[in-house]
>>> print(open('input.cif').read())   # mmCIF, C-alpha atoms; chains and numbers go by the auth columns
data_start
loop_
_atom_site.group_PDB
_atom_site.id
_atom_site.type_symbol
_atom_site.label_atom_id
_atom_site.label_comp_id
_atom_site.label_asym_id
_atom_site.label_seq_id
_atom_site.Cartn_x
_atom_site.Cartn_y
_atom_site.Cartn_z
_atom_site.B_iso_or_equiv
_atom_site.auth_seq_id
_atom_site.auth_asym_id
ATOM 1 C CA GLY A 1 57.699 123.693 157.973 0.00 1 A
ATOM 2 C CA GLN A 2 57.770 127.442 157.562 0.00 2 A
ATOM 3 C CA ILE A 3 55.242 127.375 154.712 0.00 3 A
ATOM 4 C CA VAL A 4 52.906 125.116 156.719 0.00 4 A
ATOM 5 C CA GLY A 5 53.146 127.565 159.615 0.00 5 A
ATOM 6 C CA ARG A 6 52.368 130.541 157.381 0.00 6 A
ATOM 7 C CA ILE A 7 49.308 128.790 155.967 0.00 7 A
ATOM 8 C CA LEU A 8 48.078 127.773 159.426 0.00 8 A
ATOM 9 C CA ARG A 9 48.542 131.341 160.623 0.00 9 A
ATOM 10 C CA ALA A 10 46.640 132.673 157.594 0.00 10 A
ATOM 11 C CA ARG A 11 43.754 130.363 158.528 0.00 11 A
ATOM 12 C CA LYS A 12 44.022 131.486 162.183 0.00 12 A
ATOM 13 C CA ILE A 13 44.907 127.955 163.307 0.00 13 A
ATOM 14 C CA SER A 14 47.173 128.072 166.322 0.00 14 A
ATOM 15 C CA PHE A 15 50.329 126.011 166.350 0.00 15 A
ATOM 16 C CA THR A 16 53.550 125.626 168.235 0.00 16 A
ATOM 17 C CA ALA A 17 56.825 125.498 166.346 0.00 17 A
ATOM 18 C CA LEU A 18 60.025 123.802 167.430 0.00 18 A
ATOM 19 C CA GLU A 19 63.079 125.297 165.778 0.00 19 A
ATOM 20 C CA ALA A 20 66.794 124.565 166.095 0.00 20 A
ATOM 21 C CA SER A 21 67.854 127.913 164.606 0.00 21 A
ATOM 22 C CA GLN A 22 67.807 130.864 167.002 0.00 22 A
ATOM 23 C CA THR A 23 67.546 133.261 164.042 0.00 23 A
ATOM 24 C CA GLN A 24 64.391 131.490 162.859 0.00 24 A
ATOM 25 C CA VAL A 25 62.972 131.464 166.400 0.00 25 A
ATOM 26 C CA ASP A 26 63.435 135.244 166.682 0.00 26 A
ATOM 27 C CA PHE A 27 61.855 135.752 163.246 0.00 27 A
ATOM 28 C CA LEU A 28 58.838 133.528 163.968 0.00 28 A
ATOM 29 C CA ARG A 29 58.215 135.073 167.374 0.00 29 A
ATOM 30 C CA ARG A 30 58.004 138.546 165.795 0.00 30 A
ATOM 31 C CA PHE A 31 54.831 137.338 164.078 0.00 31 A
ATOM 32 C CA GLY A 32 53.281 136.154 167.336 0.00 32 A
ATOM 33 C CA ASN A 33 53.947 132.466 166.926 0.00 33 A
ATOM 34 C CA GLN A 34 54.687 130.248 169.893 0.00 34 A
ATOM 35 C CA VAL A 35 58.140 128.884 169.168 0.00 35 A
ATOM 36 C CA PHE A 36 60.424 126.711 171.270 0.00 36 A
ATOM 37 C CA TYR A 37 64.133 126.866 170.572 0.00 37 A
ATOM 38 C CA GLY A 38 65.897 123.536 170.521 0.00 38 A
ATOM 39 C CA ASP A 39 66.228 120.072 169.083 0.00 39 A
ATOM 40 C CA ALA A 40 62.831 118.461 168.412 0.00 40 A
ATOM 41 C CA SER A 41 64.384 115.024 168.927 0.00 41 A
ATOM 42 C CA ARG A 42 64.618 115.802 172.656 0.00 42 A
ATOM 43 C CA LEU A 43 61.722 114.415 174.673 0.00 43 A
ATOM 44 C CA GLU A 44 61.792 117.260 177.231 0.00 44 A
ATOM 45 C CA LEU A 45 61.327 119.827 174.449 0.00 45 A
ATOM 46 C CA LEU A 46 58.361 117.899 173.015 0.00 46 A
ATOM 47 C CA ARG A 47 56.810 117.766 176.481 0.00 47 A
ATOM 48 C CA ALA A 48 57.437 121.480 177.063 0.00 48 A
ATOM 49 C CA ALA A 49 55.672 122.178 173.765 0.00 49 A
ATOM 50 C CA HIS A 50 52.702 120.076 174.980 0.00 50 A
ATOM 51 C CA ALA A 51 52.971 117.463 172.214 0.00 51 A
ATOM 52 C CA GLU A 52 50.570 115.313 174.216 0.00 52 A
ATOM 53 C CA ASN A 53 47.799 117.824 173.392 0.00 53 A
ATOM 54 C CA ALA A 54 48.602 118.172 169.696 0.00 54 A
ATOM 55 C CA LYS A 55 46.729 116.482 166.873 0.00 55 A
ATOM 56 C CA VAL A 56 49.484 116.528 164.274 0.00 56 A
ATOM 57 C CA PHE A 57 53.234 116.915 164.144 0.00 57 A
ATOM 58 C CA VAL A 58 54.842 118.426 161.063 0.00 58 A
ATOM 59 C CA LEU A 59 58.320 116.965 160.721 0.00 59 A
ATOM 60 C CA ALA A 60 60.409 119.203 158.445 0.00 60 A
ATOM 61 C CA ILE A 61 63.924 118.647 159.750 0.00 61 A
ATOM 62 C CA ASP A 62 66.642 118.832 157.084 0.00 62 A
ATOM 63 C CA ASP A 63 69.048 116.437 158.793 0.00 63 A
ATOM 64 C CA VAL A 64 67.939 112.886 157.966 0.00 64 A
ATOM 65 C CA GLU A 65 69.231 111.334 161.199 0.00 65 A
ATOM 66 C CA SER A 66 67.543 113.966 163.383 0.00 66 A
ATOM 67 C CA SER A 67 64.350 113.608 161.393 0.00 67 A
ATOM 68 C CA VAL A 68 64.220 109.823 161.814 0.00 68 A
ATOM 69 C CA LYS A 69 65.183 110.079 165.493 0.00 69 A
ATOM 70 C CA THR A 70 62.368 112.581 166.057 0.00 70 A
ATOM 71 C CA ALA A 71 59.830 110.364 164.288 0.00 71 A
ATOM 72 C CA GLU A 72 60.912 107.421 166.438 0.00 72 A
ATOM 73 C CA LEU A 73 60.602 109.482 169.628 0.00 73 A
ATOM 74 C CA ILE A 74 57.153 110.771 168.688 0.00 74 A
ATOM 75 C CA ARG A 75 55.905 107.278 167.831 0.00 75 A
ATOM 76 C CA LYS A 76 57.150 105.963 171.166 0.00 76 A
ATOM 77 C CA HIS A 77 55.927 108.768 173.455 0.00 77 A
ATOM 78 C CA PHE A 78 53.072 110.388 171.520 0.00 78 A
ATOM 79 C CA PRO A 79 51.550 107.583 169.430 0.00 79 A
ATOM 80 C CA HIS A 80 48.309 109.528 168.924 0.00 80 A
ATOM 81 C CA LEU A 81 50.060 112.163 166.807 0.00 81 A
ATOM 82 C CA LYS A 82 49.694 111.997 163.055 0.00 82 A
ATOM 83 C CA ILE A 83 53.110 112.793 161.644 0.00 83 A
ATOM 84 C CA PHE A 84 53.286 114.752 158.400 0.00 84 A
ATOM 85 C CA ALA A 85 56.872 114.561 157.216 0.00 85 A
ATOM 86 C CA ARG A 86 59.046 116.095 154.554 0.00 86 A
ATOM 87 C CA ALA A 87 61.655 113.628 153.346 0.00 87 A
ATOM 88 C CA ARG A 88 64.818 114.699 151.580 0.00 88 A
ATOM 89 C CA ASN A 89 64.723 111.762 149.189 0.00 89 A
ATOM 90 C CA ARG A 90 63.398 108.241 148.642 0.00 90 A
ATOM 91 C CA GLN A 91 65.806 106.621 151.129 0.00 91 A
ATOM 92 C CA HIS A 92 64.822 109.113 153.826 0.00 92 A
ATOM 93 C CA ALA A 93 61.162 108.361 153.067 0.00 93 A
ATOM 94 C CA PHE A 94 61.813 104.626 153.504 0.00 94 A
ATOM 95 C CA ARG A 95 63.367 105.289 156.915 0.00 95 A
ATOM 96 C CA LEU A 96 60.361 107.352 157.964 0.00 96 A
ATOM 97 C CA MET A 97 58.051 104.593 156.756 0.00 97 A
ATOM 98 C CA GLU A 98 59.911 102.229 159.106 0.00 98 A
ATOM 99 C CA GLN A 99 58.796 104.552 161.927 0.00 99 A
ATOM 100 C CA ASP A 100 55.186 104.153 160.762 0.00 100 A
ATOM 101 C CA VAL A 101 55.006 107.665 159.309 0.00 101 A
ATOM 102 C CA ARG A 102 52.269 107.555 156.677 0.00 102 A
ATOM 103 C CA TYR A 103 52.064 111.160 155.485 0.00 103 A
ATOM 104 C CA ILE A 104 55.369 111.685 153.681 0.00 104 A
ATOM 105 C CA ILE A 105 56.172 114.191 150.976 0.00 105 A
ATOM 106 C CA ARG A 106 59.534 113.909 149.273 0.00 106 A
ATOM 107 C CA GLU A 107 61.230 117.283 149.175 0.00 107 A
ATOM 108 C CA THR A 108 61.605 117.775 145.428 0.00 108 A
ATOM 109 C CA PHE A 109 58.993 115.305 144.198 0.00 109 A
ATOM 110 C CA VAL A 110 55.961 117.598 144.013 0.00 110 A
ATOM 111 C CA SER A 111 57.894 120.494 142.486 0.00 111 A
ATOM 112 C CA SER A 112 59.416 118.096 139.931 0.00 112 A
ATOM 113 C CA LEU A 113 55.940 116.870 138.995 0.00 113 A
ATOM 114 C CA GLU A 114 54.757 120.442 138.523 0.00 114 A
ATOM 115 C CA LEU A 115 57.808 121.203 136.409 0.00 115 A
ATOM 116 C CA SER A 116 57.205 118.052 134.328 0.00 116 A
ATOM 117 C CA GLU A 117 53.651 119.163 133.662 0.00 117 A
ATOM 118 C CA LYS A 118 54.848 122.515 132.314 0.00 118 A
ATOM 119 C CA VAL A 119 57.531 120.824 130.175 0.00 119 A
ATOM 120 C CA LEU A 120 54.936 118.462 128.669 0.00 120 A
ATOM 121 C CA GLU A 121 52.665 121.392 127.835 0.00 121 A
ATOM 122 C CA THR A 122 55.527 123.300 126.237 0.00 122 A
ATOM 123 C CA LEU A 123 56.341 120.224 124.144 0.00 123 A
ATOM 124 C CA GLY A 124 52.802 120.146 122.739 0.00 124 A
ATOM 125 C CA LEU A 125 50.619 118.129 125.089 0.00 125 A
ATOM 126 C CA SER A 126 47.345 119.739 126.060 0.00 126 A
ATOM 127 C CA LYS A 127 46.925 120.913 129.644 0.00 127 A
ATOM 128 C CA SER A 128 44.630 117.953 130.401 0.00 128 A
ATOM 129 C CA GLN A 129 47.045 115.446 128.825 0.00 129 A
ATOM 130 C CA ALA A 130 49.947 116.869 130.826 0.00 130 A
ATOM 131 C CA VAL A 131 47.956 116.836 134.069 0.00 131 A
ATOM 132 C CA ASP A 132 46.785 113.262 133.436 0.00 132 A
ATOM 133 C CA THR A 133 50.300 112.076 132.574 0.00 133 A
ATOM 134 C CA VAL A 134 51.742 113.554 135.749 0.00 134 A
ATOM 135 C CA ARG A 135 48.844 112.233 137.852 0.00 135 A
ATOM 136 C CA ARG A 136 49.347 108.726 136.515 0.00 136 A
ATOM 137 C CA PHE A 137 53.111 108.932 136.955 0.00 137 A
ATOM 138 C CA ARG A 138 52.657 110.031 140.559 0.00 138 A
ATOM 139 C CA ALA A 139 50.247 107.191 141.330 0.00 139 A
ATOM 140 C CA HIS A 140 52.616 104.689 139.727 0.00 140 A
ATOM 141 C CA ASP A 141 55.621 106.066 141.595 0.00 141 A
ATOM 142 C CA GLU A 142 53.820 105.992 144.947 0.00 142 A
ATOM 143 C CA GLU A 143 52.742 102.396 144.326 0.00 143 A
ATOM 144 C CA THR A 144 56.314 101.486 143.347 0.00 144 A
ATOM 145 C CA MET A 145 57.683 103.161 146.444 0.00 145 A
ATOM 146 C CA ALA A 146 55.383 101.135 148.689 0.00 146 A
ATOM 147 C CA LYS A 147 56.599 97.930 147.015 0.00 147 A
ATOM 148 C CA GLN A 148 60.253 98.977 147.172 0.00 148 A
ATOM 149 C CA ALA A 149 60.037 99.714 150.882 0.00 149 A
ATOM 150 C CA ALA A 150 59.789 95.959 151.451 0.00 150 A
ATOM 151 C CA VAL A 151 63.032 95.253 149.542 0.00 151 A
ATOM 152 C CA LYS A 152 65.007 98.443 150.160 0.00 152 A
ATOM 153 C CA ASP A 153 67.787 96.633 152.020 0.00 153 A
ATOM 154 C CA ASP A 154 68.309 94.037 149.289 0.00 154 A
ATOM 155 C CA GLU A 155 70.133 95.862 146.486 0.00 155 A
ATOM 156 C CA LYS A 156 69.517 93.135 143.909 0.00 156 A
ATOM 157 C CA LYS A 157 65.765 93.030 144.582 0.00 157 A
ATOM 158 C CA PHE A 158 65.580 96.812 144.817 0.00 158 A
ATOM 159 C CA LEU A 159 67.261 97.284 141.421 0.00 159 A
ATOM 160 C CA ALA A 160 65.032 94.595 139.898 0.00 160 A
ATOM 161 C CA SER A 161 62.015 96.428 141.295 0.00 161 A
ATOM 162 C CA ALA A 162 63.213 99.717 139.795 0.00 162 A
ATOM 163 C CA ARG A 163 63.693 98.087 136.371 0.00 163 A
ATOM 164 C CA GLU A 164 60.276 96.430 136.573 0.00 164 A
ATOM 165 C CA SER A 165 58.671 99.732 137.550 0.00 165 A
ATOM 166 C CA ALA A 166 60.279 101.558 134.614 0.00 166 A
ATOM 167 C CA GLU A 167 59.018 98.870 132.215 0.00 167 A
ATOM 168 C CA GLN A 168 55.504 99.035 133.683 0.00 168 A
ATOM 169 C CA LEU A 169 55.463 102.801 133.305 0.00 169 A
ATOM 170 C CA LEU A 170 56.620 102.590 129.691 0.00 170 A
ATOM 171 C CA THR A 171 53.969 99.962 128.930 0.00 171 A
ATOM 172 C CA LEU A 172 51.293 102.073 130.624 0.00 172 A
ATOM 173 C CA PHE A 173 52.021 105.129 128.511 0.00 173 A
ATOM 174 C CA GLU A 174 52.518 103.124 125.300 0.00 174 A
ATOM 175 C CA ALA A 175 49.038 101.636 125.791 0.00 175 A
ATOM 176 C CA ASP A 176 47.652 105.161 126.245 0.00 176 A
ATOM 177 C CA ALA A 177 49.339 106.330 123.047 0.00 177 A
ATOM 178 C CA ALA A 178 47.876 103.372 121.113 0.00 178 A
ATOM 179 C CA GLU A 179 44.375 104.141 122.428 0.00 179 A
ATOM 180 C CA THR A 180 44.735 107.776 121.410 0.00 180 A
ATOM 181 C CA LEU A 181 45.610 106.757 117.842 0.00 181 A
ATOM 182 C CA GLU A 182 42.574 104.463 117.477 0.00 182 A
#
>>> encode(input="input.cif", output="structure tokens")
Amino acid sequence: GQIVGRILRARKISFTALEASQTQVDFLRRFGNQVFYGDASRLELLRAAHAENAKVFVLAIDDVESSVKTAELIRKHFPHLKIFARARNRQHAFRLMEQDVRYIIRETFVSSLELSEKVLETLGLSKSQAVDTVRRFRAHDEETMAKQAAVKDDEKKFLASARESAEQLLTLFEADAAETLE
């Protein structure tokens, strides 16, 4: 959330932050930001921050339960808000999807993709090959995640889906390698 706020501020886009850490509140206020101290999963705090007038809500709460509770509260009381959420992991993302959150970024996913790209380049792939590989992996993973959301509570089906996804990915890249050789 802090990075989003810094970028908004750099673009001179006003925002209101809700922060559960008093230290962070004091820090953010020093830069002229409007910050409310407290738990964003409390309806009275969302109302005090004028959530009804907002266009988007950036949900970057570390605690999974608080994050999901906040998403649920926003959906119920401020259904017009587009929620952009940071999820700690795949299971957290599934729980946010249950709350109809559609803009979800998994915490380490994007940085892991960037790291993978650099590893591929170091191992001899061209920049364009590395970028394309990571792009295709990301698209495949996002498609898999959407499918797995439907079976996340059935361990047998979920594991079968994960195995199927891994096989599909292997087949996809094997086909690419064969085309490159031709």
>>> atom_distance(input="input.cif", atom1="CA of Phe36 (chain A)", atom2="CA of Thr108 (chain A)")
27.4 Å
>>> closest_residue(input="input.cif", among="A:Ile83, A:Ala20, A:Leu45, A:Ile13", to="Asp63 (chain A)", atoms="all atoms listed in the file")
A:Ala20
>>> residues_around(input="input.cif", residues="Lys147 (chain A)", least_positions_apart="6", cutoff="10 Å", atoms="only C-alpha atoms", output="mmCIF file with C-alpha atoms, in the coordinates of the input")
data_model
loop_
_atom_site.group_PDB
_atom_site.id
_atom_site.type_symbol
_atom_site.label_atom_id
_atom_site.label_comp_id
_atom_site.auth_asym_id
_atom_site.auth_seq_id
_atom_site.Cartn_x
_atom_site.Cartn_y
_atom_site.Cartn_z
ATOM 1 C CA ASP A 141 55.621 106.066 141.595
ATOM 2 C CA PHE A 158 65.580 96.812 144.817
ATOM 3 C CA SER A 161 62.015 96.428 141.295
ATOM 4 C CA ALA A 162 63.213 99.717 139.795
ATOM 5 C CA SER A 165 58.671 99.732 137.550
#
>>> residues_around(input="input.cif", residues="Ser14 (chain A)", least_positions_apart="4", cutoff="12 Å", atoms="all atoms listed in the file", output="ChimeraX atom specification")
/A:4-10,32-35,54-56
>>> resolve_selection(input="input.cif", expression="the PyMOL selection byres ((chain A and resi 92-94) around 8)", output="ChimeraX atom specification")
/A:64,87-91,95-98,104-106,149,152
>>> resolve_selection(input="input.cif", expression="the PyMOL selection byres ((chain A and resi 85) around 6)", output="number ranges by chain")
A: 58-60, 84, 86, 104
>>> resolve_selection(input="input.cif", expression="the PyMOL selection byres ((chain A and resi 50) around 12)", output="list in words")
Phe15, Thr16, Ala17, Leu18, Gln34, Val35, Phe36, Leu43, Glu44, Leu45, Leu46, Arg47, Ala48, Ala49, Ala51, Glu52, Asn53, Ala54, Lys55, Val56, Phe57, His77, Phe78 and Leu81 of chain A
>>> atom_distance(input="input.cif", atom1="CA of Gly38 (chain A)", atom2="CA of Glu19 (chain A)")
5.8 Å
>>> closest_residue(input="input.cif", among="A:Arg42, A:Lys127, A:Lys82, A:Lys12", to="Ser66 (chain A)", atoms="only C-alpha atoms")
A:Arg42
>>> decode(input="input.cif", residues="region 137-153 of chain A", atoms="N, CA and C atoms", output="short mmCIF file (atom, residue, chain, number, x, y, z; two decimals), in the first residue's frame")
data_model
loop_
_atom_site.label_atom_id
_atom_site.label_comp_id
_atom_site.auth_asym_id
_atom_site.auth_seq_id
_atom_site.Cartn_x
_atom_site.Cartn_y
_atom_site.Cartn_z
N PHE A 137 4.12 -18.13 -18.96
CA PHE A 137 3.94 -18.79 -17.67
C PHE A 137 2.89 -18.06 -16.84
N ARG A 138 2.99 -16.74 -16.81
CA ARG A 138 2.04 -15.94 -16.03
C ARG A 138 0.60 -16.16 -16.53
N ALA A 139 0.41 -16.10 -17.83
CA ALA A 139 -0.93 -16.31 -18.39
C ALA A 139 -1.45 -17.69 -18.03
N HIS A 140 -0.59 -18.69 -18.13
CA HIS A 140 -0.99 -20.06 -17.79
C HIS A 140 -1.35 -20.17 -16.31
N ASP A 141 -0.52 -19.57 -15.47
CA ASP A 141 -0.76 -19.65 -14.03
C ASP A 141 -2.06 -18.94 -13.64
N GLU A 142 -2.33 -17.80 -14.24
CA GLU A 142 -3.56 -17.06 -13.94
C GLU A 142 -4.79 -17.84 -14.40
N GLU A 143 -4.68 -18.50 -15.54
CA GLU A 143 -5.77 -19.34 -16.03
C GLU A 143 -5.98 -20.54 -15.09
N THR A 144 -4.88 -21.14 -14.67
CA THR A 144 -4.95 -22.27 -13.73
C THR A 144 -5.58 -21.83 -12.41
N MET A 145 -5.19 -20.69 -11.94
CA MET A 145 -5.72 -20.20 -10.67
C MET A 145 -7.23 -20.01 -10.75
N ALA A 146 -7.71 -19.48 -11.85
CA ALA A 146 -9.16 -19.29 -12.02
C ALA A 146 -9.88 -20.64 -11.98
N LYS A 147 -9.29 -21.65 -12.62
CA LYS A 147 -9.89 -22.99 -12.60
C LYS A 147 -9.83 -23.60 -11.20
N GLN A 148 -8.70 -23.42 -10.52
CA GLN A 148 -8.53 -24.02 -9.19
C GLN A 148 -9.43 -23.37 -8.14
N ALA A 149 -9.82 -22.15 -8.36
CA ALA A 149 -10.70 -21.48 -7.40
C ALA A 149 -12.00 -22.27 -7.24
N ALA A 150 -12.44 -22.91 -8.31
CA ALA A 150 -13.69 -23.67 -8.26
C ALA A 150 -13.56 -24.97 -7.48
N VAL A 151 -12.34 -25.48 -7.32
CA VAL A 151 -12.15 -26.77 -6.64
C VAL A 151 -11.23 -26.66 -5.42
N LYS A 152 -10.99 -25.45 -4.96
CA LYS A 152 -10.02 -25.23 -3.89
C LYS A 152 -10.33 -25.96 -2.59
N ASP A 153 -11.60 -26.25 -2.35
CA ASP A 153 -11.98 -26.92 -1.11
C ASP A 153 -12.00 -28.44 -1.22
#
